[in-house]
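Have a look at protein22.cif below; it lists mmCIF, C-alpha atoms.
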```cif
data_structure
#
loop_
_atom_site.group_PDB
_atom_site.id
_atom_site.type_symbol
_atom_site.label_atom_id
_atom_site.label_comp_id
_atom_site.auth_asym_id
_atom_site.auth_seq_id
_atom_site.Cartn_x
_atom_site.Cartn_y
_atom_site.Cartn_z
ATOM 1 C CA MET A 11 120.858 62.760 103.348
ATOM 2 C CA ILE A 12 122.963 65.016 101.117
ATOM 3 C CA ILE A 13 126.133 63.103 101.971
ATOM 4 C CA PHE A 14 124.563 59.754 101.064
ATOM 5 C CA LEU A 15 123.228 61.202 97.810
ATOM 6 C CA LYS A 16 126.689 62.526 96.952
ATOM 7 C CA GLN A 17 128.161 59.088 97.637
ATOM 8 C CA GLY A 18 125.519 57.543 95.411
ATOM 9 C CA LEU A 19 122.801 55.058 96.277
ATOM 10 C CA LYS A 20 124.577 52.232 94.485
ATOM 11 C CA ASP A 21 125.365 50.314 97.642
ATOM 12 C CA SER A 22 122.817 48.396 99.715
ATOM 13 C CA VAL A 23 124.175 49.833 102.970
ATOM 14 C CA ASN A 24 123.846 53.408 101.683
ATOM 15 C CA ILE A 25 120.268 52.731 100.584
ATOM 16 C CA SER A 26 119.346 51.461 104.049
ATOM 17 C CA LEU A 27 121.090 54.313 105.871
ATOM 18 C CA PHE A 28 119.559 56.893 103.522
ATOM 19 C CA SER A 29 116.084 55.497 104.261
ATOM 20 C CA LEU A 30 116.858 55.550 107.974
ATOM 21 C CA THR A 31 117.878 59.203 107.672
ATOM 22 C CA ILE A 32 114.547 60.068 106.015
ATOM 23 C CA ALA A 33 112.662 58.456 108.901
ATOM 24 C CA ASP A 34 114.881 60.286 111.418
ATOM 25 C CA LEU A 35 114.246 63.640 109.736
ATOM 26 C CA LEU A 36 110.469 63.223 109.593
ATOM 27 C CA SER A 37 110.357 62.054 113.209
ATOM 28 C CA LEU A 38 112.379 65.094 114.314
ATOM 29 C CA VAL A 39 110.059 67.454 112.407
ATOM 30 C CA MET A 40 107.049 65.998 114.216
ATOM 31 C CA LEU A 41 108.848 66.291 117.561
ATOM 32 C CA GLY A 42 109.640 69.922 116.771
ATOM 33 C CA LEU A 43 105.961 70.643 116.184
ATOM 34 C CA LEU A 44 105.082 68.798 119.370
ATOM 35 C CA THR A 45 107.344 71.081 121.428
ATOM 36 C CA VAL A 46 105.433 74.080 120.077
ATOM 37 C CA TRP A 47 102.096 72.639 121.132
ATOM 38 C CA TYR A 48 103.393 71.792 124.590
ATOM 39 C CA ASN A 49 104.531 75.379 125.086
ATOM 40 C CA PRO A 50 102.620 76.950 128.042
ATOM 41 C CA TYR A 51 101.924 80.150 126.075
ATOM 42 C CA TYR A 52 100.292 78.161 123.309
ATOM 43 C CA TYR A 53 98.375 76.001 125.769
ATOM 44 C CA SER A 54 96.944 79.039 127.589
ATOM 45 C CA SER A 55 95.922 80.830 124.389
ATOM 46 C CA ASP A 56 92.515 80.880 122.722
ATOM 47 C CA VAL A 57 93.509 78.117 120.332
ATOM 48 C CA CYS A 58 94.065 75.657 123.175
ATOM 49 C CA THR A 59 90.780 73.979 122.288
ATOM 50 C CA VAL A 60 92.368 72.530 119.157
ATOM 51 C CA TYR A 61 95.470 71.584 121.112
ATOM 52 C CA GLU A 62 94.405 67.994 121.662
ATOM 53 C CA THR A 63 93.636 67.522 117.968
ATOM 54 C CA PHE A 64 97.025 68.572 116.648
ATOM 55 C CA ARG A 65 98.932 67.001 119.505
ATOM 56 C CA TYR A 66 97.263 63.641 118.994
ATOM 57 C CA ILE A 67 97.240 63.543 115.177
ATOM 58 C CA VAL A 68 100.583 65.159 114.328
ATOM 59 C CA GLY A 69 102.605 64.853 117.508
ATOM 60 C CA GLY A 70 101.257 61.436 118.370
ATOM 61 C CA VAL A 71 100.090 59.349 115.423
ATOM 62 C CA VAL A 72 102.322 60.773 112.670
ATOM 63 C CA ARG A 73 105.423 60.982 114.857
ATOM 64 C CA VAL A 74 105.002 57.440 116.149
ATOM 65 C CA THR A 75 104.510 56.224 112.573
ATOM 66 C CA PHE A 76 107.917 57.460 111.459
ATOM 67 C CA ASP A 77 109.434 56.229 114.700
ATOM 68 C CA ARG A 78 108.145 52.736 113.898
ATOM 69 C CA VAL A 79 109.523 53.022 110.372
ATOM 70 C CA ARG A 80 112.895 53.902 111.864
ATOM 71 C CA GLY A 81 112.681 50.881 114.168
ATOM 72 C CA TRP A 82 112.021 48.397 111.361
ATOM 73 C CA ILE A 83 114.745 49.876 109.152
ATOM 74 C CA THR A 84 117.117 49.407 112.086
ATOM 75 C CA VAL A 85 115.935 45.791 112.318
ATOM 76 C CA PHE A 86 116.723 45.286 108.638
ATOM 77 C CA ILE A 87 120.186 46.846 108.946
ATOM 78 C CA THR A 88 121.125 44.656 111.915
ATOM 79 C CA PHE A 89 119.679 41.577 110.183
ATOM 80 C CA GLU A 90 121.696 42.407 107.069
ATOM 81 C CA ARG A 91 124.859 42.559 109.183
ATOM 82 C CA CYS A 92 123.974 39.150 110.634
ATOM 83 C CA LEU A 93 123.774 37.721 107.123
ATOM 84 C CA CYS A 94 127.118 39.309 106.252
ATOM 85 C CA ILE A 95 128.699 37.370 109.103
ATOM 86 C CA ALA A 96 126.786 34.107 108.518
ATOM 87 C CA MET A 97 127.257 33.924 104.722
ATOM 88 C CA PRO A 98 129.635 36.687 103.583
ATOM 89 C CA LEU A 99 130.106 35.215 100.095
ATOM 90 C CA ARG A 100 126.398 35.003 99.272
ATOM 91 C CA VAL A 101 124.899 38.034 100.974
ATOM 92 C CA LYS A 102 125.546 40.395 98.041
ATOM 93 C CA ALA A 103 123.743 38.042 95.675
ATOM 94 C CA VAL A 104 120.784 37.753 98.049
ATOM 95 C CA LEU A 105 120.506 41.404 99.128
ATOM 96 C CA THR A 106 120.836 43.238 95.840
ATOM 97 C CA ASN A 107 120.354 47.002 95.601
ATOM 98 C CA LYS A 108 116.912 46.596 94.017
ATOM 99 C CA ARG A 109 115.761 44.212 96.726
ATOM 100 C CA VAL A 110 117.009 46.473 99.491
ATOM 101 C CA ALA A 111 115.315 49.519 97.915
ATOM 102 C CA ALA A 112 112.083 47.525 97.551
ATOM 103 C CA THR A 113 112.320 46.434 101.196
ATOM 104 C CA MET A 114 112.779 50.023 102.377
ATOM 105 C CA THR A 115 109.753 51.124 100.353
ATOM 106 C CA LEU A 116 107.714 48.208 101.683
ATOM 107 C CA ILE A 117 108.579 49.102 105.286
ATOM 108 C CA PHE A 118 107.342 52.672 104.787
ATOM 109 C CA LEU A 119 104.140 51.514 103.066
ATOM 110 C CA LEU A 120 103.251 48.786 105.584
ATOM 111 C CA VAL A 121 103.791 50.930 108.667
ATOM 112 C CA ILE A 122 101.863 53.859 107.171
ATOM 113 C CA ALA A 123 99.059 51.511 106.082
ATOM 114 C CA GLY A 124 98.775 50.238 109.638
ATOM 115 C CA THR A 125 98.262 53.813 110.847
ATOM 116 C CA LEU A 126 95.641 54.883 108.290
ATOM 117 C CA PRO A 127 92.666 53.340 110.160
ATOM 118 C CA VAL A 128 93.475 55.617 113.117
ATOM 119 C CA PHE A 129 92.907 58.657 110.898
ATOM 120 C CA TYR A 130 89.524 57.233 109.976
ATOM 121 C CA SER A 131 88.302 56.641 113.525
ATOM 122 C CA ASN A 132 89.949 59.761 115.047
ATOM 123 C CA ARG A 133 89.951 62.376 112.335
ATOM 124 C CA PRO A 134 90.138 66.162 112.582
ATOM 125 C CA ALA A 135 86.876 67.947 111.813
ATOM 126 C CA LEU A 136 85.040 71.183 112.542
ATOM 127 C CA ARG A 137 83.269 71.079 115.899
ATOM 128 C CA PHE A 138 81.192 73.561 117.839
ATOM 129 C CA TYR A 139 82.489 74.476 121.313
ATOM 130 C CA PRO A 140 79.638 75.855 123.476
ATOM 131 C CA LYS A 141 81.960 77.460 126.039
ATOM 132 C CA LEU A 142 83.650 79.577 123.352
ATOM 133 C CA ASN A 143 80.563 79.823 121.149
ATOM 134 C CA ARG A 144 82.856 79.105 118.207
ATOM 135 C CA THR A 145 83.389 76.388 115.642
ATOM 136 C CA LEU A 146 86.962 75.127 115.620
ATOM 137 C CA PHE A 147 88.901 72.083 114.565
ATOM 138 C CA GLY A 148 88.677 69.157 116.923
ATOM 139 C CA ILE A 149 88.795 65.377 116.895
ATOM 140 C CA TYR A 150 85.738 63.602 115.529
ATOM 141 C CA TYR A 151 85.359 60.078 116.892
ATOM 142 C CA SER A 152 83.507 57.738 114.550
ATOM 143 C CA TRP A 153 80.854 55.375 115.897
ATOM 144 C CA ASP A 154 83.203 52.395 115.465
ATOM 145 C CA SER A 155 86.342 54.103 116.779
ATOM 146 C CA ASP A 156 86.728 51.644 119.667
ATOM 147 C CA LEU A 157 86.541 48.664 117.308
ATOM 148 C CA VAL A 158 89.024 50.181 114.863
ATOM 149 C CA ASP A 159 91.433 51.118 117.647
ATOM 150 C CA ASN A 160 91.329 47.598 119.085
ATOM 151 C CA ILE A 161 92.073 46.063 115.691
ATOM 152 C CA THR A 162 94.950 48.422 114.883
ATOM 153 C CA PHE A 163 96.343 48.082 118.408
ATOM 154 C CA MET A 164 97.651 44.578 117.727
ATOM 155 C CA PHE A 165 99.531 45.670 114.600
ATOM 156 C CA ASN A 166 100.743 49.111 115.651
ATOM 157 C CA ILE A 167 101.735 48.431 119.259
ATOM 158 C CA VAL A 168 102.333 44.721 119.766
ATOM 159 C CA ILE A 169 103.794 43.822 116.360
ATOM 160 C CA SER A 170 105.279 47.079 115.089
ATOM 161 C CA THR A 171 106.528 48.873 118.215
ATOM 162 C CA PHE A 172 107.376 45.974 120.520
ATOM 163 C CA GLY A 173 108.386 43.668 117.674
ATOM 164 C CA SER A 174 110.957 46.037 116.196
ATOM 165 C CA PHE A 175 112.473 46.844 119.591
ATOM 166 C CA ILE A 176 112.902 43.173 120.532
ATOM 167 C CA ALA A 177 114.103 42.227 117.037
ATOM 168 C CA VAL A 178 116.860 44.866 117.053
ATOM 169 C CA ILE A 179 118.159 43.598 120.389
ATOM 170 C CA ALA A 180 118.004 39.959 119.241
ATOM 171 C CA CYS A 181 119.774 40.619 115.912
ATOM 172 C CA THR A 182 122.445 42.714 117.601
ATOM 173 C CA VAL A 183 123.155 40.039 120.222
ATOM 174 C CA VAL A 184 123.368 37.332 117.557
ATOM 175 C CA MET A 185 125.593 39.476 115.361
ATOM 176 C CA VAL A 186 128.053 40.358 118.111
ATOM 177 C CA THR A 187 128.145 36.763 119.395
ATOM 178 C CA GLU A 188 128.795 35.232 115.983
ATOM 179 C CA LEU A 189 131.373 37.867 115.128
ATOM 180 C CA ASN A 190 133.256 37.193 118.355
ATOM 181 C CA LYS A 191 133.180 33.453 117.661
ATOM 182 C CA LYS A 192 134.555 33.874 114.157
ATOM 183 C CA THR A 193 137.208 36.276 115.371
ATOM 184 C CA LYS A 194 138.442 33.769 117.975
ATOM 185 C CA TRP A 195 138.346 30.959 115.400
ATOM 186 C CA ARG A 196 140.430 32.968 112.938
ATOM 187 C CA GLN A 197 142.956 33.824 115.621
ATOM 188 C CA LYS A 198 143.330 30.184 116.656
ATOM 189 C CA SER A 199 143.508 28.804 113.117
ATOM 190 C CA ALA A 200 145.913 31.433 111.790
ATOM 191 C CA THR A 201 149.562 30.362 111.554
ATOM 192 C CA SER A 202 152.610 32.487 112.121
ATOM 193 C CA LYS A 203 153.006 32.772 108.339
ATOM 194 C CA PHE A 204 149.808 34.796 108.131
ATOM 195 C CA ASN A 205 150.312 36.977 111.172
ATOM 196 C CA SER A 206 149.927 40.197 109.177
ATOM 197 C CA GLY A 207 146.648 39.030 107.661
ATOM 198 C CA LYS A 208 145.496 37.815 111.023
ATOM 199 C CA SER A 209 146.184 41.195 112.567
ATOM 200 C CA LYS A 210 144.339 42.986 109.783
ATOM 201 C CA ILE A 211 141.233 40.812 110.136
ATOM 202 C CA SER A 212 141.279 41.151 113.894
ATOM 203 C CA ASN A 213 141.419 44.959 113.756
ATOM 204 C CA LYS A 214 138.525 45.069 111.295
ATOM 205 C CA ASP A 215 136.417 42.791 113.470
ATOM 206 C CA VAL A 216 137.140 44.900 116.557
ATOM 207 C CA LYS A 217 135.947 48.049 114.737
ATOM 208 C CA VAL A 218 132.727 46.338 113.653
ATOM 209 C CA VAL A 219 132.078 45.071 117.174
ATOM 210 C CA LYS A 220 132.623 48.554 118.622
ATOM 211 C CA MET A 221 130.213 50.105 116.142
ATOM 212 C CA VAL A 222 127.570 47.456 116.764
ATOM 213 C CA LYS A 223 127.886 47.811 120.520
ATOM 214 C CA LEU A 224 127.642 51.606 120.289
ATOM 215 C CA LEU A 225 124.591 51.607 118.017
ATOM 216 C CA SER A 226 122.923 48.915 120.108
ATOM 217 C CA MET A 227 123.547 50.804 123.343
ATOM 218 C CA VAL A 228 122.226 54.073 121.903
ATOM 219 C CA TYR A 229 119.100 52.401 120.529
ATOM 220 C CA ILE A 230 118.328 50.478 123.726
ATOM 221 C CA VAL A 231 118.880 53.515 125.949
ATOM 222 C CA CYS A 232 116.835 55.848 123.741
ATOM 223 C CA ALA A 233 113.982 53.499 122.817
ATOM 224 C CA GLY A 234 113.855 51.627 126.123
ATOM 225 C CA PRO A 235 111.924 54.283 128.120
ATOM 226 C CA THR A 236 109.285 54.546 125.373
ATOM 227 C CA PHE A 237 108.941 50.765 125.432
ATOM 228 C CA VAL A 238 108.469 50.785 129.232
ATOM 229 C CA ASN A 239 106.082 53.761 129.192
ATOM 230 C CA THR A 240 103.917 52.129 126.531
ATOM 231 C CA LEU A 241 103.708 48.917 128.550
ATOM 232 C CA TRP A 242 102.808 50.916 131.642
ATOM 233 C CA SER A 243 100.007 52.774 129.830
ATOM 234 C CA ILE A 244 98.576 49.459 128.611
ATOM 235 C CA PHE A 245 98.305 47.886 132.059
ATOM 236 C CA ASP A 246 97.464 51.090 133.981
ATOM 237 C CA SER A 247 94.470 53.037 132.673
ATOM 238 C CA GLU A 248 95.247 56.023 134.922
ATOM 239 C CA PHE A 249 98.693 56.430 133.306
ATOM 240 C CA SER A 250 97.227 58.635 130.563
ATOM 241 C CA PRO A 251 97.384 62.263 129.400
ATOM 242 C CA PHE A 252 93.654 62.609 128.729
ATOM 243 C CA ASP A 253 91.978 62.144 132.108
ATOM 244 C CA VAL A 254 92.756 64.335 135.087
ATOM 245 C CA ASN A 255 94.089 61.930 137.698
ATOM 246 C CA ARG A 256 97.016 61.499 140.021
ATOM 247 C CA ARG A 257 99.227 59.965 137.306
ATOM 248 C CA GLN A 258 98.527 62.398 134.467
ATOM 249 C CA ASN A 259 101.512 64.639 135.271
ATOM 250 C CA LEU A 260 103.673 61.557 135.765
ATOM 251 C CA PHE A 261 102.693 60.373 132.303
ATOM 252 C CA LEU A 262 103.640 63.731 130.754
ATOM 253 C CA VAL A 263 107.000 63.864 132.541
ATOM 254 C CA PHE A 264 107.939 60.316 131.557
ATOM 255 C CA PHE A 265 106.946 60.721 127.915
ATOM 256 C CA MET A 266 108.635 64.116 127.601
ATOM 257 C CA PHE A 267 111.808 62.377 128.735
ATOM 258 C CA SER A 268 111.167 59.681 126.116
ATOM 259 C CA PHE A 269 110.672 62.322 123.415
ATOM 260 C CA LEU A 270 113.987 63.907 124.369
ATOM 261 C CA LEU A 271 115.751 60.551 124.000
ATOM 262 C CA GLU A 272 114.003 59.948 120.665
ATOM 263 C CA SER A 273 115.319 63.240 119.306
ATOM 264 C CA PHE A 274 118.768 62.374 120.633
ATOM 265 C CA ASN A 275 118.628 58.981 118.896
ATOM 266 C CA SER A 276 117.608 60.534 115.569
ATOM 267 C CA SER A 277 120.251 63.251 115.814
ATOM 268 C CA LEU A 278 123.203 61.106 116.895
ATOM 269 C CA SER A 279 123.477 59.022 113.723
ATOM 270 C CA ILE A 280 125.468 61.572 111.760
ATOM 271 C CA PHE A 281 128.179 61.626 114.459
ATOM 272 C CA VAL A 282 128.383 57.824 114.439
ATOM 273 C CA TYR A 283 128.793 57.826 110.650
ATOM 274 C CA TYR A 284 131.354 60.626 110.746
ATOM 275 C CA PHE A 285 133.662 59.102 113.350
ATOM 276 C CA MET A 286 133.317 55.448 112.314
ATOM 277 C CA SER A 287 133.119 55.632 108.510
ATOM 278 C CA SER A 288 136.147 57.014 106.699
ATOM 279 C CA ARG A 289 134.191 57.225 103.441
ATOM 280 C CA PHE A 290 131.378 59.235 105.031
ATOM 281 C CA ARG A 291 133.915 61.463 106.787
ATOM 282 C CA GLN A 292 135.803 62.159 103.568
ATOM 283 C CA THR A 293 132.617 63.024 101.655
ATOM 284 C CA PHE A 294 131.439 65.212 104.516
ATOM 285 C CA GLN A 295 134.746 67.094 104.647
ATOM 286 C CA ASN A 296 134.653 67.691 100.889
ATOM 287 C CA PHE A 297 131.083 68.979 101.193
ATOM 288 C CA VAL A 298 131.834 71.120 104.270
ATOM 289 C CA PRO A 299 135.466 72.298 103.877
ATOM 290 C CA PHE A 300 135.438 73.821 107.362
ATOM 291 C CA PHE A 301 135.650 70.314 108.825
ATOM 292 C CA ASN A 302 138.664 69.370 106.717
ATOM 293 C CA PHE A 303 141.204 70.288 109.385
ATOM 294 C CA ARG A 304 144.152 68.718 107.582
ATOM 295 C CA GLU A 305 143.557 70.774 104.458
ATOM 296 C CA ILE A 306 143.263 73.985 106.506
ATOM 297 C CA GLN A 307 146.534 73.281 108.303
ATOM 298 C CA GLU A 308 148.346 72.626 105.031
#
```
Encoded form using structure tokens:
Amino acid sequence: MIIFLKQGLKDSVNISLFSLTIADLLSLVMLGLLTVWYNPYYYSSDVCTVYETFRYIVGGVVRVTFDRVRGWITVFITFERCLCIAMPLRVKAVLTNKRVAATMTLIFLLVIAGTLPVFYSNRPALRFYPKLNRTLFGIYYSWDSDLVDNITFMFNIVISTFGSFIAVIACTVVMVTELNKKTKWRQKSATSKFNSGKSKISNKDVKVVKMVKLLSMVYIVCAGPTFVNTLWSIFDSEFSPFDVNRRQNLFLVFFMFSFLLESFNSSLSIFVYYFMSSRFRQTFQNFVPFFNFREIQE
């Protein structure tokens, strides 16, 4: 985030990547808290009665919210790259900095708005626990919680989670396919007089294709297990963390693996930017002189 701010948010790509970094950071913070509440020492302590409340609200609802924001920002970035290939001369006039910033803000607001009803129907509140003879925080389920959950399910799961995952794959496939077609067309139409220009364009296209393939592979690998686990939990009621059954431990193992991949996905971006963006690398080296190996050697 600091590197993008130092570069300046005067470019539409920087605005999108800066917004993506915010979503990554917030998702990682929620995952960090979730690891604390899954710690066996915490679970076996006296405060374990409020474990479900914090795990569900913070580790579940809030974390998934920022994960969905990250997914839709990724959709926008890949869609923007598709437009750059389809109409390179008009894309800057269509996707101005103000419009991109407004789109990023709208993504945050819409995804968060879709989550707010969950906080109404499943909200933390003081509850009396007879076994402990104490009043502690717990989850209060409203009388219409089932109705609210069913309504928000269509937006939060089907449209937001599944929609963003499928849209990223579709946009990436279209982008890579069209870029390969244009690259082959340029190579065939170029004459020997423009061999140097042809070579330059070809090298640039190859770099873009490599970056797209890398980002697509990382996203699919990291988000794929969550996509599969969510589908499984929808069609199999026993694949749940709440009820003690033969698939409860299986659910926890599978989703812990998904959480690990989510943290990996959020943490890998900076390495992709560093090794594939000379501008980002230069700004990073100026900000952290230790990484400026050439300057140290001189």
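Of the listed residues (A:Phe165, A:Phe269, A:Phe89, A:Tyr283), A:Tyr283 comes nearest to Met11 of chain A; the distances count only C-alpha atoms.
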My list of candidates is A:Ile179, A:Leu225, A:Leu271, A:Ile117. Which is closest to Phe76 of chain A when distances are computed with all atoms listed in the file? A:Ile117
A:Ser22, A:Asn160, A:Thr145, A:Ser226: which is nearest Val183 of chain A, counting all atoms listed in the file? A:Ser226
Selection near Val23 of chain A, 10 Å with all atoms listed in the file, sequence-local residues under 2 positions removed, as a count of residues only: 14
The residue from A:Gly81, A:Cys92, A:Ala233, A:Leu126 with the smallest atom-to-atom distance to Gly173 of chain A, counting only C-alpha atoms, is A:Gly81
One-decimal distance in Å that lies between atom CA of Ser243 of chain A and atom CA of Asp77 of chain A: 18.2 Å
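For the pair atom CA of Glu272 of chain A and atom CA of Thr171 of chain A, the separation is 13.6 Å.
Nearest residue to Ile95 of chain A, choosing from A:Trp242, A:Arg78, A:Val186, A:Phe267 and counting all atoms listed in the file: A:Val186.
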Would you compute the distance between atom CA of Ser287 of chain A and atom CA of Trp82 of chain A? Give it in Å to one decimal.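 Between atom CA of Ser287 of chain A and atom CA of Trp82 of chain A the gap works out to 22.5 Å.
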